[in-house]
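Q: Sending over protein_16.pdb (PDB, C-alpha atoms).
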```pdb
ATOM      1  CA  MET A  96      -1.232  44.215   0.451
ATOM      2  CA  THR A  97      -1.007  48.010   0.543
ATOM      3  CA  ASN A  98       1.174  49.825  -1.882
ATOM      4  CA  THR A  99       2.206  52.921   0.063
ATOM      5  CA  VAL A 100       4.112  54.507  -2.817
ATOM      6  CA  ALA A 101       1.225  54.077  -5.247
ATOM      7  CA  SER A 102      -1.156  55.734  -2.790
ATOM      8  CA  SER A 103       0.236  59.132  -3.798
ATOM      9  CA  LEU A 104      -0.655  58.545  -7.464
ATOM     10  CA  PRO A 105      -3.944  59.742  -8.951
ATOM     11  CA  VAL A 106      -6.629  57.086  -8.567
ATOM     12  CA  ASP A 107      -7.371  55.114 -11.722
ATOM     13  CA  LYS A 108     -10.904  55.301 -13.063
ATOM     14  CA  PRO A 109     -12.954  52.186 -12.404
ATOM     15  CA  LEU A 110     -13.873  49.529 -14.929
ATOM     16  CA  ILE A 111     -17.502  50.174 -15.839
ATOM     17  CA  VAL A 112     -19.570  47.294 -17.193
ATOM     18  CA  ALA A 113     -23.281  47.806 -17.826
ATOM     19  CA  GLY A 114     -23.266  50.904 -15.621
ATOM     20  CA  LYS A 115     -21.650  49.221 -12.618
ATOM     21  CA  GLU A 116     -18.205  50.213 -11.349
ATOM     22  CA  TYR A 117     -15.472  47.727 -10.513
ATOM     23  CA  LYS A 118     -12.064  48.332  -8.949
ATOM     24  CA  SER A 119     -10.612  45.060 -10.174
ATOM     25  CA  ARG A 120      -9.879  44.588 -13.861
ATOM     26  CA  LEU A 121      -9.319  40.864 -13.475
ATOM     27  CA  LEU A 122     -12.336  38.655 -14.123
ATOM     28  CA  VAL A 123     -12.063  35.005 -13.225
ATOM     29  CA  GLY A 124     -13.788  31.718 -13.932
ATOM     30  CA  THR A 125     -14.639  29.033 -11.402
ATOM     31  CA  GLY A 126     -13.960  25.907 -13.470
ATOM     32  CA  LYS A 127     -11.262  23.229 -13.141
ATOM     33  CA  TYR A 128     -10.462  23.756  -9.445
ATOM     34  CA  LYS A 129      -9.743  20.783  -7.180
ATOM     35  CA  ASP A 130     -12.690  21.597  -4.925
ATOM     36  CA  LEU A 131     -14.830  24.485  -3.754
ATOM     37  CA  THR A 132     -12.367  25.382  -0.978
ATOM     38  CA  GLU A 133      -9.648  25.954  -3.563
ATOM     39  CA  THR A 134     -12.102  27.838  -5.805
ATOM     40  CA  LYS A 135     -13.003  30.209  -2.983
ATOM     41  CA  ALA A 136      -9.380  30.795  -1.918
ATOM     42  CA  ALA A 137      -8.174  31.458  -5.482
ATOM     43  CA  ILE A 138     -11.005  33.828  -6.272
ATOM     44  CA  GLU A 139     -10.505  35.776  -3.065
ATOM     45  CA  MET A 140      -6.770  36.035  -3.758
ATOM     46  CA  SER A 141      -7.382  37.238  -7.324
ATOM     47  CA  GLY A 142      -9.332  40.231  -6.048
ATOM     48  CA  ALA A 143     -11.822  39.684  -8.873
ATOM     49  CA  GLU A 144     -15.273  41.186  -8.476
ATOM     50  CA  ILE A 145     -16.821  39.607 -11.581
ATOM     51  CA  VAL A 146     -16.826  35.819 -11.498
ATOM     52  CA  THR A 147     -18.062  33.489 -14.234
ATOM     53  CA  VAL A 148     -20.112  30.351 -13.643
ATOM     54  CA  ALA A 149     -21.565  27.687 -15.913
ATOM     55  CA  VAL A 150     -25.186  26.523 -15.965
ATOM     56  CA  ARG A 151     -25.674  22.770 -15.950
ATOM     57  CA  ARG A 152     -28.276  20.109 -15.304
ATOM     58  CA  THR A 153     -28.672  19.134 -11.663
ATOM     59  CA  ASN A 154     -27.644  15.546 -11.048
ATOM     60  CA  ILE A 155     -30.662  13.571 -10.000
ATOM     61  CA  GLY A 156     -29.957  11.923  -6.672
ATOM     62  CA  GLN A 157     -27.119  14.359  -5.970
ATOM     63  CA  ASN A 158     -26.285  14.701  -2.299
ATOM     64  CA  ALA A 159     -28.448  17.562  -1.092
ATOM     65  CA  ASP A 160     -25.901  18.452   1.597
ATOM     66  CA  GLU A 161     -23.166  18.980  -0.984
ATOM     67  CA  PRO A 162     -22.242  22.668  -1.008
ATOM     68  CA  ASN A 163     -23.347  24.629  -4.029
ATOM     69  CA  LEU A 164     -20.945  26.901  -5.917
ATOM     70  CA  LEU A 165     -23.119  29.942  -5.186
ATOM     71  CA  ASP A 166     -22.934  29.209  -1.445
ATOM     72  CA  VAL A 167     -19.175  29.674  -1.714
ATOM     73  CA  ILE A 168     -19.107  32.418  -4.361
ATOM     74  CA  SER A 169     -22.001  34.465  -3.101
ATOM     75  CA  PRO A 170     -23.973  36.687  -5.488
ATOM     76  CA  ASP A 171     -24.156  39.164  -2.571
ATOM     77  CA  LYS A 172     -20.389  39.595  -2.707
ATOM     78  CA  TYR A 173     -19.563  39.037  -6.384
ATOM     79  CA  THR A 174     -21.117  39.967  -9.702
ATOM     80  CA  ILE A 175     -21.938  36.526 -11.041
ATOM     81  CA  LEU A 176     -21.418  36.232 -14.770
ATOM     82  CA  PRO A 177     -23.137  33.110 -16.093
ATOM     83  CA  ASN A 178     -21.622  31.824 -19.318
ATOM     84  CA  THR A 179     -22.969  29.832 -22.234
ATOM     85  CA  ALA A 180     -19.921  27.574 -22.468
ATOM     86  CA  GLY A 181     -20.679  24.320 -24.212
ATOM     87  CA  CYS A 182     -23.293  25.910 -26.495
ATOM     88  CA  TYR A 183     -22.739  25.452 -30.222
ATOM     89  CA  THR A 184     -25.890  27.163 -31.483
ATOM     90  CA  ALA A 185     -27.526  30.534 -30.877
ATOM     91  CA  LYS A 186     -30.677  28.755 -29.708
ATOM     92  CA  ASP A 187     -28.886  26.806 -26.977
ATOM     93  CA  ALA A 188     -26.991  29.899 -25.845
ATOM     94  CA  VAL A 189     -30.186  31.944 -25.567
ATOM     95  CA  ARG A 190     -31.908  29.128 -23.641
ATOM     96  CA  THR A 191     -28.963  28.901 -21.264
ATOM     97  CA  CYS A 192     -29.012  32.664 -20.649
ATOM     98  CA  LYS A 193     -32.720  32.583 -19.846
ATOM     99  CA  LEU A 194     -32.165  29.750 -17.369
ATOM    100  CA  ALA A 195     -29.285  31.697 -15.829
ATOM    101  CA  ARG A 196     -31.430  34.807 -15.430
ATOM    102  CA  GLU A 197     -34.096  32.768 -13.660
ATOM    103  CA  LEU A 198     -31.467  31.020 -11.541
ATOM    104  CA  LEU A 199     -29.988  34.332 -10.419
ATOM    105  CA  GLY A 200     -33.309  36.002  -9.670
ATOM    106  CA  GLY A 201     -33.469  38.268 -12.725
ATOM    107  CA  HIS A 202     -29.778  39.182 -12.952
ATOM    108  CA  ASP A 203     -29.321  39.910 -16.647
ATOM    109  CA  LEU A 204     -25.563  40.242 -17.184
ATOM    110  CA  VAL A 205     -24.303  37.264 -19.192
ATOM    111  CA  LYS A 206     -21.170  36.070 -20.917
ATOM    112  CA  LEU A 207     -22.201  34.932 -24.367
ATOM    113  CA  GLU A 208     -19.978  32.367 -26.008
ATOM    114  CA  VAL A 209     -21.114  30.236 -28.900
ATOM    115  CA  LEU A 210     -18.484  27.732 -29.859
ATOM    116  CA  GLY A 211     -17.584  26.390 -33.276
ATOM    117  CA  ASP A 212     -15.973  23.018 -32.586
ATOM    118  CA  GLN A 213     -14.648  20.993 -29.697
ATOM    119  CA  LYS A 214     -11.045  20.894 -30.823
ATOM    120  CA  THR A 215     -10.438  24.620 -31.042
ATOM    121  CA  LEU A 216     -13.368  25.951 -28.964
ATOM    122  CA  TYR A 217     -13.122  28.818 -31.409
ATOM    123  CA  PRO A 218     -16.108  31.195 -31.401
ATOM    124  CA  ASN A 219     -18.828  30.525 -33.962
ATOM    125  CA  VAL A 220     -19.205  34.123 -35.026
ATOM    126  CA  THR A 221     -22.361  33.806 -37.118
ATOM    127  CA  GLU A 222     -24.263  32.061 -34.299
ATOM    128  CA  THR A 223     -22.792  34.532 -31.788
ATOM    129  CA  LEU A 224     -24.225  37.452 -33.783
ATOM    130  CA  ILE A 225     -27.670  35.833 -33.898
ATOM    131  CA  ALA A 226     -27.627  35.040 -30.169
ATOM    132  CA  ALA A 227     -26.393  38.526 -29.236
ATOM    133  CA  GLU A 228     -29.204  40.165 -31.173
ATOM    134  CA  THR A 229     -31.864  37.948 -29.573
ATOM    135  CA  LEU A 230     -30.483  38.416 -26.065
ATOM    136  CA  ILE A 231     -30.148  42.194 -26.342
ATOM    137  CA  LYS A 232     -33.760  42.438 -27.575
ATOM    138  CA  ASP A 233     -34.797  40.378 -24.562
ATOM    139  CA  GLY A 234     -33.114  42.841 -22.186
ATOM    140  CA  PHE A 235     -29.909  40.968 -21.454
ATOM    141  CA  LYS A 236     -26.645  42.817 -20.908
ATOM    142  CA  VAL A 237     -24.247  40.861 -23.058
ATOM    143  CA  MET A 238     -20.502  40.534 -22.545
ATOM    144  CA  VAL A 239     -19.533  38.699 -25.694
ATOM    145  CA  TYR A 240     -16.677  36.294 -26.325
ATOM    146  CA  THR A 241     -15.508  36.523 -29.912
ATOM    147  CA  THR A 242     -12.584  36.243 -32.286
ATOM    148  CA  ASP A 243      -9.993  39.005 -32.539
ATOM    149  CA  ASP A 244     -11.561  40.219 -35.802
ATOM    150  CA  PRO A 245     -11.840  44.028 -35.501
ATOM    151  CA  LEU A 246     -14.874  44.267 -37.794
ATOM    152  CA  ILE A 247     -16.855  41.657 -35.861
ATOM    153  CA  ALA A 248     -15.879  43.298 -32.572
ATOM    154  CA  GLN A 249     -17.176  46.617 -33.854
ATOM    155  CA  ARG A 250     -20.378  45.054 -35.097
ATOM    156  CA  LEU A 251     -21.024  43.419 -31.710
ATOM    157  CA  GLU A 252     -20.475  46.784 -30.044
ATOM    158  CA  GLU A 253     -22.886  48.507 -32.445
ATOM    159  CA  MET A 254     -25.495  45.846 -31.738
ATOM    160  CA  GLY A 255     -25.427  46.879 -28.088
ATOM    161  CA  CYS A 256     -23.142  44.404 -26.332
ATOM    162  CA  VAL A 257     -21.932  45.947 -23.043
ATOM    163  CA  ALA A 258     -18.422  44.526 -23.448
ATOM    164  CA  VAL A 259     -16.562  42.806 -26.257
ATOM    165  CA  MET A 260     -14.126  40.070 -25.280
ATOM    166  CA  PRO A 261     -11.796  38.893 -28.051
ATOM    167  CA  LEU A 262      -9.693  35.818 -27.429
ATOM    168  CA  GLY A 263      -5.947  36.085 -26.965
ATOM    169  CA  ALA A 264      -5.596  32.422 -27.987
ATOM    170  CA  PRO A 265      -7.898  29.367 -27.832
ATOM    171  CA  ILE A 266      -9.670  28.669 -24.525
ATOM    172  CA  GLY A 267      -7.456  26.788 -22.090
ATOM    173  CA  SER A 268      -4.440  26.877 -24.424
ATOM    174  CA  GLY A 269      -2.309  29.233 -22.358
ATOM    175  CA  LEU A 270      -0.617  30.472 -25.524
ATOM    176  CA  GLY A 271      -0.872  34.152 -24.598
ATOM    177  CA  ILE A 272      -1.894  37.097 -26.787
ATOM    178  CA  ARG A 273      -1.137  35.710 -30.234
ATOM    179  CA  ASN A 274      -2.226  38.715 -32.219
ATOM    180  CA  PRO A 275      -1.643  41.905 -30.236
ATOM    181  CA  TYR A 276      -2.038  44.000 -33.391
ATOM    182  CA  ASN A 277      -5.620  42.844 -33.848
ATOM    183  CA  ILE A 278      -6.371  43.595 -30.203
ATOM    184  CA  LYS A 279      -4.879  47.065 -30.806
ATOM    185  CA  MET A 280      -7.136  47.581 -33.818
ATOM    186  CA  ILE A 281     -10.180  46.527 -31.819
ATOM    187  CA  LEU A 282      -9.234  48.936 -29.034
ATOM    188  CA  GLU A 283      -8.736  51.862 -31.391
ATOM    189  CA  ASN A 284     -12.416  52.313 -32.203
ATOM    190  CA  ALA A 285     -14.059  50.772 -29.157
ATOM    191  CA  LYS A 286     -16.534  52.684 -27.040
ATOM    192  CA  VAL A 287     -17.400  49.742 -24.777
ATOM    193  CA  PRO A 288     -14.885  47.891 -22.595
ATOM    194  CA  ILE A 289     -12.667  45.470 -24.493
ATOM    195  CA  LEU A 290     -11.421  42.582 -22.377
ATOM    196  CA  VAL A 291      -9.145  39.764 -23.432
ATOM    197  CA  ASP A 292     -10.964  36.530 -22.690
ATOM    198  CA  ALA A 293      -9.138  33.225 -23.089
ATOM    199  CA  GLY A 294      -5.574  32.369 -23.975
ATOM    200  CA  VAL A 295      -3.714  33.863 -21.035
ATOM    201  CA  GLY A 296      -1.129  31.374 -19.729
ATOM    202  CA  THR A 297       0.932  33.277 -17.224
ATOM    203  CA  ALA A 298       1.266  36.661 -15.557
ATOM    204  CA  SER A 299       3.163  38.369 -18.395
ATOM    205  CA  ASP A 300       0.312  37.515 -20.814
ATOM    206  CA  ALA A 301      -2.150  39.337 -18.557
ATOM    207  CA  SER A 302       0.195  42.319 -18.344
ATOM    208  CA  ILE A 303       0.516  42.428 -22.140
ATOM    209  CA  ALA A 304      -3.271  42.529 -22.505
ATOM    210  CA  MET A 305      -3.450  45.467 -20.106
ATOM    211  CA  GLU A 306      -0.443  47.233 -21.655
ATOM    212  CA  LEU A 307      -2.249  47.116 -24.992
ATOM    213  CA  GLY A 308      -4.989  49.162 -23.365
ATOM    214  CA  CYS A 309      -7.599  46.505 -22.629
ATOM    215  CA  GLU A 310     -10.086  47.410 -19.919
ATOM    216  CA  GLY A 311      -9.654  44.025 -18.284
ATOM    217  CA  VAL A 312      -8.757  40.374 -18.629
ATOM    218  CA  LEU A 313     -10.909  37.290 -18.092
ATOM    219  CA  MET A 314      -9.213  34.002 -17.309
ATOM    220  CA  ASN A 315      -9.841  30.626 -15.721
ATOM    221  CA  THR A 316      -7.391  27.873 -16.655
ATOM    222  CA  ALA A 317      -4.272  30.028 -16.218
ATOM    223  CA  ILE A 318      -5.081  30.173 -12.502
ATOM    224  CA  ALA A 319      -6.877  26.872 -11.961
ATOM    225  CA  ALA A 320      -4.314  24.736 -13.827
ATOM    226  CA  ALA A 321      -1.254  26.348 -12.219
ATOM    227  CA  LYS A 322       0.683  24.130  -9.812
ATOM    228  CA  ASP A 323      -0.297  26.515  -7.035
ATOM    229  CA  PRO A 324      -3.545  28.181  -8.111
ATOM    230  CA  ILE A 325      -3.741  30.468  -5.067
ATOM    231  CA  ARG A 326      -0.283  31.872  -5.711
ATOM    232  CA  MET A 327      -1.052  32.257  -9.440
ATOM    233  CA  ALA A 328      -4.247  34.127  -8.545
ATOM    234  CA  ASN A 329      -2.060  36.593  -6.676
ATOM    235  CA  ALA A 330       0.374  36.782  -9.614
ATOM    236  CA  MET A 331      -2.500  37.535 -11.988
ATOM    237  CA  ARG A 332      -3.895  40.243  -9.717
ATOM    238  CA  LEU A 333      -0.485  41.922  -9.653
ATOM    239  CA  ALA A 334       0.065  41.412 -13.396
ATOM    240  CA  VAL A 335      -3.236  43.027 -14.332
ATOM    241  CA  GLU A 336      -2.507  45.934 -11.985
ATOM    242  CA  SER A 337       1.054  46.298 -13.331
ATOM    243  CA  GLY A 338      -0.049  46.171 -16.932
ATOM    244  CA  ARG A 339      -2.736  48.760 -16.256
ATOM    245  CA  GLU A 340      -0.231  51.037 -14.488
ATOM    246  CA  ALA A 341       2.163  50.723 -17.428
ATOM    247  CA  TRP A 342      -0.671  51.582 -19.826
ATOM    248  CA  LEU A 343      -1.603  54.636 -17.766
ATOM    249  CA  ALA A 344       2.041  55.669 -17.496
ATOM    250  CA  GLY A 345       2.576  55.337 -21.265
ATOM    251  CA  ARG A 346       5.549  53.322 -22.356
ATOM    252  CA  MET A 347       8.690  54.792 -23.942
ATOM    253  CA  PRO A 348       8.925  54.643 -27.720
ATOM    254  CA  ARG A 349      10.715  51.650 -29.207
ATOM    255  CA  LYS A 350      13.968  52.482 -30.981
ATOM    256  CA  LEU A 351      16.234  50.331 -33.090
ATOM    257  CA  TYR A 352      19.496  51.718 -31.661
ATOM    258  CA  ALA A 353      20.765  52.511 -28.197
ATOM    259  CA  SER A 354      20.283  55.773 -26.370
ATOM    260  CA  ALA A 355      22.679  56.248 -23.436
ATOM    261  CA  SER A 356      21.067  56.539 -20.026
ATOM    262  CA  SER A 357      24.098  58.242 -18.438
ATOM    263  CA  PRO A 358      25.131  61.770 -19.515
ATOM    264  CA  ILE A 359      27.982  62.064 -22.007
ATOM    265  CA  ASP A 360      29.195  65.394 -20.549
ATOM    266  CA  GLY A 361      31.866  65.200 -17.809
ATOM    267  CA  LEU A 362      33.417  61.947 -18.871
ATOM    268  CA  ILE A 363      36.998  61.537 -17.622
ATOM    269  CA  ILE A 364      38.205  60.551 -21.050
TER     270      ILE A 364
ATOM    271  CA  MET B 250     -47.490   9.745 -15.018
ATOM    272  CA  GLN B 251     -44.057   9.763 -16.509
ATOM    273  CA  ILE B 252     -42.062  12.889 -17.227
ATOM    274  CA  HIS B 253     -38.465  13.397 -18.278
ATOM    275  CA  VAL B 254     -36.158  15.345 -15.979
ATOM    276  CA  ASN B 255     -32.801  16.276 -17.420
ATOM    277  CA  GLY B 256     -33.259  13.591 -20.041
ATOM    278  CA  GLU B 257     -34.049  10.826 -17.527
ATOM    279  CA  PRO B 258     -37.522   9.286 -17.095
ATOM    280  CA  LEU B 259     -39.173   9.975 -13.746
ATOM    281  CA  GLU B 260     -42.440   8.698 -12.284
ATOM    282  CA  LEU B 261     -44.476  11.365 -10.563
ATOM    283  CA  ALA B 262     -48.022  11.482  -9.156
ATOM    284  CA  SER B 263     -50.518  12.790 -11.702
ATOM    285  CA  ASN B 264     -50.869  16.561 -11.726
ATOM    286  CA  ALA B 265     -47.893  17.028  -9.410
ATOM    287  CA  THR B 266     -46.722  20.634  -9.276
ATOM    288  CA  ILE B 267     -43.162  21.756  -9.904
ATOM    289  CA  SER B 268     -42.771  22.255  -6.159
ATOM    290  CA  VAL B 269     -43.481  18.549  -5.665
ATOM    291  CA  LEU B 270     -40.708  17.707  -8.124
ATOM    292  CA  VAL B 271     -38.364  20.157  -6.404
ATOM    293  CA  ALA B 272     -39.061  18.516  -3.034
ATOM    294  CA  GLN B 273     -38.517  15.061  -4.527
ATOM    295  CA  MET B 274     -35.139  16.209  -5.874
ATOM    296  CA  ALA B 275     -34.255  17.680  -2.452
ATOM    297  CA  LEU B 276     -33.553  21.073  -3.998
ATOM    298  CA  GLU B 277     -35.512  23.232  -1.568
ATOM    299  CA  GLY B 278     -33.518  26.209  -0.360
ATOM    300  CA  GLN B 279     -31.031  25.935  -3.238
ATOM    301  CA  ARG B 280     -30.623  28.122  -6.293
ATOM    302  CA  TYR B 281     -31.989  26.443  -9.384
ATOM    303  CA  ALA B 282     -33.985  27.232 -12.509
ATOM    304  CA  ILE B 283     -36.618  25.152 -14.235
ATOM    305  CA  GLU B 284     -37.679  24.851 -17.837
ATOM    306  CA  VAL B 285     -40.696  22.816 -18.939
ATOM    307  CA  ASN B 286     -40.854  21.952 -22.634
ATOM    308  CA  GLU B 287     -38.221  24.620 -23.354
ATOM    309  CA  GLU B 288     -40.133  27.394 -21.557
ATOM    310  CA  ILE B 289     -38.804  28.926 -18.334
ATOM    311  CA  VAL B 290     -41.186  28.536 -15.426
ATOM    312  CA  SER B 291     -40.588  31.356 -12.975
ATOM    313  CA  ARG B 292     -40.275  30.553  -9.302
ATOM    314  CA  SER B 293     -43.591  32.253  -8.492
ATOM    315  CA  HIS B 294     -45.387  29.587 -10.539
ATOM    316  CA  HIS B 295     -43.712  26.524  -9.052
ATOM    317  CA  ASP B 296     -46.505  25.994  -6.505
ATOM    318  CA  THR B 297     -49.273  26.258  -9.056
ATOM    319  CA  LEU B 298     -48.015  24.836 -12.346
ATOM    320  CA  CYS B 299     -49.033  21.192 -12.698
ATOM    321  CA  LEU B 300     -46.853  18.924 -14.771
ATOM    322  CA  SER B 301     -48.385  16.688 -17.421
ATOM    323  CA  ASP B 302     -47.511  13.236 -18.669
ATOM    324  CA  GLY B 303     -44.641  13.419 -21.162
ATOM    325  CA  ASP B 304     -43.357  16.816 -20.062
ATOM    326  CA  GLN B 305     -39.692  17.475 -20.686
ATOM    327  CA  VAL B 306     -38.271  19.210 -17.634
ATOM    328  CA  GLU B 307     -34.827  20.727 -17.235
ATOM    329  CA  VAL B 308     -33.502  21.549 -13.784
ATOM    330  CA  VAL B 309     -30.250  23.495 -13.758
ATOM    331  CA  GLN B 310     -27.844  24.951 -11.245
ATOM    332  CA  ALA B 311     -24.666  27.025 -11.334
ATOM    333  CA  ILE B 312     -21.397  25.104 -11.346
ATOM    334  CA  GLY B 313     -17.762  26.001 -11.907
ATOM    335  CA  GLY B 314     -16.965  27.322 -15.356
ATOM    336  CA  GLY B 315     -14.978  29.974 -17.211
TER     337      GLY B 315
END
```
In C-alpha cells, what does this structure look like?
A:
Amino acid sequence: MTNTVASSLPVDKPLIVAGKEYKSRLLVGTGKYKDLTETKAAIEMSGAEIVTVAVRRTNIGQNADEPNLLDVISPDKYTILPNTAGCYTAKDAVRTCKLARELLGGHDLVKLEVLGDQKTLYPNVTETLIAAETLIKDGFKVMVYTTDDPLIAQRLEEMGCVAVMPLGAPIGSGLGIRNPYNIKMILENAKVPILVDAGVGTASDASIAMELGCEGVLMNTAIAAAKDPIRMANAMRLAVESGREAWLAGRMPRKLYASASSPIDGLII
Amino acid sequence: MQIHVNGEPLELASNATISVLVAQMALEGQRYAIEVNEEIVSRSHHDTLCLSDGDQVEVVQAIGGG
C-alpha cells in the first residue's frame, strides 16, 4: 500500500535498536497462531522487522518433517528476538538467553522478561535487574520487559539495556495503556528506545502508545487472538504508523471550552 | 548408559557424542541448541564431546512466543 500524499512529507528517522535501523516500529510475537501458515501471513502483513520467538525443549519423537518456526520466519529476513517468557528467576532467564544465542548462531539481541506470578504475568523487577546485569556483562544486547515504574526504567537504561519496554497492561489482557502518565514520565528522560510491550488490545491502543512518543510497540495476542489475525495485523501496522505521524505532527493543545473553527467575521447576522 | 534428555531418560551407547544424540533425535539440518549439565555446548564441539552416564541434556528449539 503506497501512500502517495505522505510521500511528499519528510522521511521519519528510523527506529534504532542496538545500532541497527528499522523502518517498522511494530514488533510482533509469533505465539498463539492457529498454525505456521497463519503466523507467516500475519507477520508479513504487520510489516514488522523484529519478531519475537520463545525457546523450548524439543519434543522427543517429534515428526522431523514438521516445519520449524525459523523455516517460516527466517532469520535472514527478520531480526529474531528470542524471549525468556516462562522464566521466573534470573538464573532461568540467563540460561534461556544463552541457549537462544547458541540456537541463533551467536545472535545476541534478546528480550528479557522475568515474570512474577502466573496469574498476572507481572514482571519480577528484582530478578529482572539481576538478569539484566548478568546478560549485559556477558555481551548480550538486552531489550527489557518491565513495569511502568519510571525509576526502574531509568535504572535499566543506566545499566546498559538497549531498549526498555514497559507494559501497557498485563500480558495478553488487551486492556490497553492503563497508565499513560507513567509511560510519559519514562519517555521524558529516556535516551534508549522506549517501547510499549504487552497490554495492547486493539488498533487505538497501539496509536496511543505511539502518540505518547514511544519509539515502538511490541504485541502478540492483540493480533493472534483477533477474529481475523491477518486483518488485525494490517490494522496494527496502520495504527502504529498513524500514531507515529500524529506524534511527529504534534497534537493541538487540549482546552476545556470550545474554539470556533469557522471565522466569526462576515456572519450574516 | 543412561542420560536424561529434556527430563526424560534415554538409553545411549557408551561414550556417544552429541552428534549421535542429534542424529537419534532426527534433528540434523535443524536449528537447535544443546546444554549438558547446564553448560552450553557449542555446535563446533558436537562431534567431539562424549556424553557420560547420568548427564542431563537439554535440547531446545525456537517456537512461537511473544
Q: I need every residue sitting at most 12 Å from the point (-45.5, 17.1, -6.0) (coordinates as in the file, all atoms listed in the file considered), written as a CSV table (one decimal) with C-alpha atoms, in the frame of the given file.
A:
```csv
chain,number,residue,atom,x,y,z
B,250,MET,CA,-47.5,9.7,-15.0
B,260,GLU,CA,-42.4,8.7,-12.3
B,261,LEU,CA,-44.5,11.4,-10.6
B,262,ALA,CA,-48.0,11.5,-9.2
B,263,SER,CA,-50.5,12.8,-11.7
B,264,ASN,CA,-50.9,16.6,-11.7
B,265,ALA,CA,-47.9,17.0,-9.4
B,266,THR,CA,-46.7,20.6,-9.3
B,267,ILE,CA,-43.2,21.8,-9.9
B,268,SER,CA,-42.8,22.3,-6.2
B,269,VAL,CA,-43.5,18.5,-5.7
B,270,LEU,CA,-40.7,17.7,-8.1
B,271,VAL,CA,-38.4,20.2,-6.4
B,272,ALA,CA,-39.1,18.5,-3.0
B,273,GLN,CA,-38.5,15.1,-4.5
B,274,MET,CA,-35.1,16.2,-5.9
B,275,ALA,CA,-34.3,17.7,-2.5
B,295,HIS,CA,-43.7,26.5,-9.1
B,296,ASP,CA,-46.5,26.0,-6.5
B,297,THR,CA,-49.3,26.3,-9.1
B,298,LEU,CA,-48.0,24.8,-12.3
B,299,CYS,CA,-49.0,21.2,-12.7
B,300,LEU,CA,-46.9,18.9,-14.8
B,301,SER,CA,-48.4,16.7,-17.4
```
Q: Give me the residues of chain B that have any atom at most 6 Å from an atom of chain A; for each, the nearest atom pair and the distance in Å, rounded to one decimal. Use all atoms listed in the file, sort by chain and number, and format it as CSV.
A:
```
residue,atom,partner,partner_atom,distance
B:Ala275,CA,A:Ala159,CA,6.0
B:Tyr281,CA,A:Leu198,CA,5.1
B:Ala282,CA,A:Leu198,CA,4.7
B:Val308,CA,A:Arg152,CA,5.6
B:Val309,CA,A:Arg152,CA,4.2
B:Gln310,CA,A:Arg151,CA,5.6
B:Ala311,CA,A:Val150,CA,4.7
B:Ile312,CA,A:Ala149,CA,5.2
B:Gly313,CA,A:Gly126,CA,4.1
B:Gly314,CA,A:Gly126,CA,3.8
B:Gly315,CA,A:Gly124,CA,3.9
```
Q: List as a ChimeraX atom specification: which residues have an atom within 10 Å of (-20.1, 40.0, -28.4), counting all atoms listed in the file?
A: /A:206-209,220,223-224,226-228,237-242,247-261
Q: Running the PyMOL selection byres ((chain A and resi 108) around 12) on this model by hand, what would come out? Give it as a list in words.
A: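 So the PyMOL selection byres ((chain A and resi 108) around 12), applied here, picks out Pro105, Val106, Asp107, Pro109, Leu110, Ile111, Glu116, Tyr117, Lys118, Ser119, Arg120, Glu310, Arg339, Glu340 and Leu343 of chain A.
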Q: So which one's closest to B:Asn255, B:Glu284, B:Asp302, B:Val290, B:Leu276? Using all atoms listed in the file, please.
A: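 With all atoms listed in the file as the atom set, the closest residue is B:Glu284.
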Q: For A:Ala136, which residue among A:Asp360, A:Glu336, A:Asp323, A:Asp212 is the nearest when counting only C-alpha atoms?
A: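 Closest to A:Ala136, using only C-alpha atoms: A:Asp323.
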Q: To one decimal place, how far is atom CA of A:Asp203 from atom CA of B:Val285 in Å?
A: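 Result for atom CA of A:Asp203 versus atom CA of B:Val285: 20.7 Å, one decimal.
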Q: Expressed in Å to a single decimal, how great is the separation between atom CA of A:Glu133 and atom CA of A:Gly294?
A: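 Taking atom CA of A:Glu133 and atom CA of A:Gly294, their separation equals 21.8 Å.
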Q: What does the distance from atom CA of A:Leu210 to atom CA of A:Tyr183 come to in Å, to one decimal?
A: 4.8 Å
Q: Do you know which residues the PyMOL selection byres ((chain A and resi 264) around 6) returns on this file, as a VMD selection string?
A: chain A and resid 262 to 263 265 270 273 294
Q: Take the residues from that selection and put them in a file with C-alpha atoms, as a PDB file, keeping the file's coordinate frame.
A:
```
ATOM      1  CA  LEU A 262      -9.693  35.818 -27.429  1.00  0.00           C
ATOM      2  CA  GLY A 263      -5.947  36.085 -26.965  1.00  0.00           C
ATOM      3  CA  PRO A 265      -7.898  29.367 -27.832  1.00  0.00           C
ATOM      4  CA  LEU A 270      -0.617  30.472 -25.524  1.00  0.00           C
ATOM      5  CA  ARG A 273      -1.137  35.710 -30.234  1.00  0.00           C
ATOM      6  CA  GLY A 294      -5.574  32.369 -23.975  1.00  0.00           C
TER       7      GLY A 294
END
```
Q: May I have the residues within 9 Å of A:Ala137 as a list in words, using all atoms listed in the file and disregarding those fewer than 6 positions away in the same chain?
A: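 So the residues in contact are Tyr128, Ile318, Ala319, Pro324, Ile325, Arg326, Met327, Ala328 and Asn329 of chain A.
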Q: Can you give me N, CA and C atoms for stretch 109-114 of chain A, written as an mmCIF file, in the coordinates of the input?
A:
```cif
data_model
loop_
_atom_site.group_PDB
_atom_site.id
_atom_site.type_symbol
_atom_site.label_atom_id
_atom_site.label_comp_id
_atom_site.auth_asym_id
_atom_site.auth_seq_id
_atom_site.Cartn_x
_atom_site.Cartn_y
_atom_site.Cartn_z
ATOM 1 N N PRO A 109 -12.538 53.584 -12.532
ATOM 2 C CA PRO A 109 -12.954 52.186 -12.404
ATOM 3 C C PRO A 109 -13.287 51.566 -13.761
ATOM 4 N N LEU A 110 -13.325 50.254 -13.774
ATOM 5 C CA LEU A 110 -13.873 49.529 -14.929
ATOM 6 C C LEU A 110 -15.395 49.645 -14.808
ATOM 7 N N ILE A 111 -16.035 50.069 -15.884
ATOM 8 C CA ILE A 111 -17.502 50.174 -15.839
ATOM 9 C C ILE A 111 -18.102 49.196 -16.843
ATOM 10 N N VAL A 112 -18.884 48.264 -16.327
ATOM 11 C CA VAL A 112 -19.570 47.294 -17.193
ATOM 12 C C VAL A 112 -21.063 47.389 -16.910
ATOM 13 N N ALA A 113 -21.823 47.681 -17.938
ATOM 14 C CA ALA A 113 -23.281 47.806 -17.826
ATOM 15 C C ALA A 113 -23.661 48.755 -16.681
ATOM 16 N N GLY A 114 -22.924 49.863 -16.587
ATOM 17 C CA GLY A 114 -23.266 50.904 -15.621
ATOM 18 C C GLY A 114 -22.765 50.661 -14.206
#
```
